[in-house]
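Let me begin by presenting the structure, written as structure tokens, before commenting on it.
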Amino acid sequence: MTCLSRSASNGMARTTKQIIYGVVYLIILFGIIYLVYISFLKPVPSCFDKKQNQNETGVDCGGECAACIGDTKNISVSLSSIFFAKEPVALVRLSNPNNQVGSKSIIYTVNVLDSGGSILKTFNGETFVYPGDQEKNLVFPLIGIQEARSLRVTLGSPKWIRIEEFSKPNISFASTPKRIENGHIIIEGDITNNETLLFDNIDIGALFYGSSGALVGVSKTAVQTVRAFERRAFTIDFPFGNLDINLDATKFYFDALRP
């Protein structure tokens, strides 16, 4: 009986040692696996991992990432003027101080007023502003409204969207030759879509400046259905009347909603 007890005791000791060794080996194995994971397989913290890590102030926003949408400043009206060439035209310029967020939808109302503040015409519409866009131009022809003297602009609340989803398209002017014919400035240029996207509409505008450097007029046109990497011609015809215009100071802009 004593021999059997010693044998059983020795067997239990061997089993205990095997269990201990097994546990140690497992700990070492799991340690190696964990080191491999954190060294090679664990995702690096980023602005797109749906976690608040790094020095972010919100989930995937703030700190090193794009600004959190709650940290926005108001879009402002930086310019609202009426220019008188052959026909009057209104220009409203919006400014977005937020470099990391823009808006795909901003409702606006533009009231055209006479010298006494009475409303002559109202424009209601919807527009968009890209992140950091300081010169979002809205142009309204005022044909036949010679009594127009000022504008009153009201903006609705923007529907914010981050720059990763709503960056300004890469569209460029290839050429913009200008000439004057019979009291008209004629611009026959080309614009190129450098994106892999099709744009249903691209507005093209020209800002005209006088010899003193002041903005004295604006005109725009549009091209439709501009395919990826396509180059398209456009024409702007601006009847400038008696305005003193420095053609070399003309500035161009485009406006196209990213699909």
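Lettering and numbering for the structure tokens are positional, with chains as A, B, ... in the shown order, residues counted from 1 in each chain, and ligands counted from 1 in the shown order.
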### Query
Do you know which residues are at most 7 Å from Ser172 (chain A) counting only C-alpha atoms, after dropping those on the same chain fewer than 5 positions away, and could you put them as number ranges by chain?
A: 191-193
### Shell around Gln134 (chain A) at 10 Å using only C-alpha atoms, local window under 5 positions removed, as number ranges by chain
A: 75-78, 93-99, 129
Emit the selected residues as a PDB file, in the first residue's frame, including C-alpha atoms.
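What landed in selection_1.pdb:
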```
ATOM      1  CA  ILE A  75     -20.696  81.495 -42.378  1.00  0.00           C
ATOM      2  CA  SER A  76     -20.753  85.238 -43.013  1.00  0.00           C
ATOM      3  CA  VAL A  77     -21.688  87.603 -45.829  1.00  0.00           C
ATOM      4  CA  SER A  78     -18.402  89.335 -46.655  1.00  0.00           C
ATOM      5  CA  ARG A  93     -20.094  86.786 -51.333  1.00  0.00           C
ATOM      6  CA  LEU A  94     -20.103  84.219 -48.533  1.00  0.00           C
ATOM      7  CA  SER A  95     -17.101  83.410 -46.366  1.00  0.00           C
ATOM      8  CA  ASN A  96     -16.568  80.128 -44.508  1.00  0.00           C
ATOM      9  CA  PRO A  97     -13.966  80.529 -41.713  1.00  0.00           C
ATOM     10  CA  ASN A  98     -13.970  76.769 -41.026  1.00  0.00           C
ATOM     11  CA  ASN A  99     -11.100  75.051 -42.811  1.00  0.00           C
ATOM     12  CA  VAL A 129     -19.831  76.292 -49.371  1.00  0.00           C
TER      13      VAL A 129
END
```
### Pick from A:Val89, A:Ala228, A:Leu257, A:Leu113, whichever lies nearest to Asn201 (chain A) using only C-alpha atoms
A:Leu257
#### Entry: Residues near Ile204 (chain A), cut-off 10 Å, only C-alpha atoms, skip fewer than 6 positions along chain, as an NGL selection string
:A and (173 or 191 or 219-223 or 234-236 or 252-256)
### Task
Considering only C-alpha atoms, return as a list in words whatever protein or nucleic-acid residues lie within 6 Å of Ser103 (chain A), sequence-local ones (same chain, fewer than 2 positions apart) excluded.
Ser105, Phe128, Val129, Pro158, Lys159, Trp160 and Ile161 of chain A
Resulting file, chosen residues, C-alpha atoms, as a compact mmCIF listing (two decimals), in the first residue's frame:
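Dumped to out.txt:
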```
# COMPACT_ATOMS: atom_id res chain seq x y z
CA SER A 105 -26.92 72.96 -48.06
CA PHE A 128 -23.18 75.19 -50.78
CA VAL A 129 -19.83 76.29 -49.37
CA PRO A 158 -25.73 75.16 -42.61
CA LYS A 159 -25.75 71.39 -42.80
CA TRP A 160 -22.11 70.73 -41.97
CA ILE A 161 -19.98 68.04 -43.53
```
### Query
Between A:Cys47, A:Leu207, A:Ile19, A:Ile28, which has the minimum distance to Asp248 (chain A) (counting only C-alpha atoms)?
A:Leu207
### Message
Please extract the residues of region 71-203 of chain A with a backbone DSSP assignment of strand (DSSP E or B) and present them as a ChimeraX atom specification.
### Response
/A:76-84,88-95,101-113,119-129,136-141,150-155,160-162,171-175,178-181,184-193,199-203
### Task
Excluding Lys168 (chain A) and residues on its chain fewer than 2 positions from it, collect all residues at most 7 Å away from it, counting only C-alpha atoms, and give them as an MDAnalysis selection string.
chainID A and resid 130 166 170
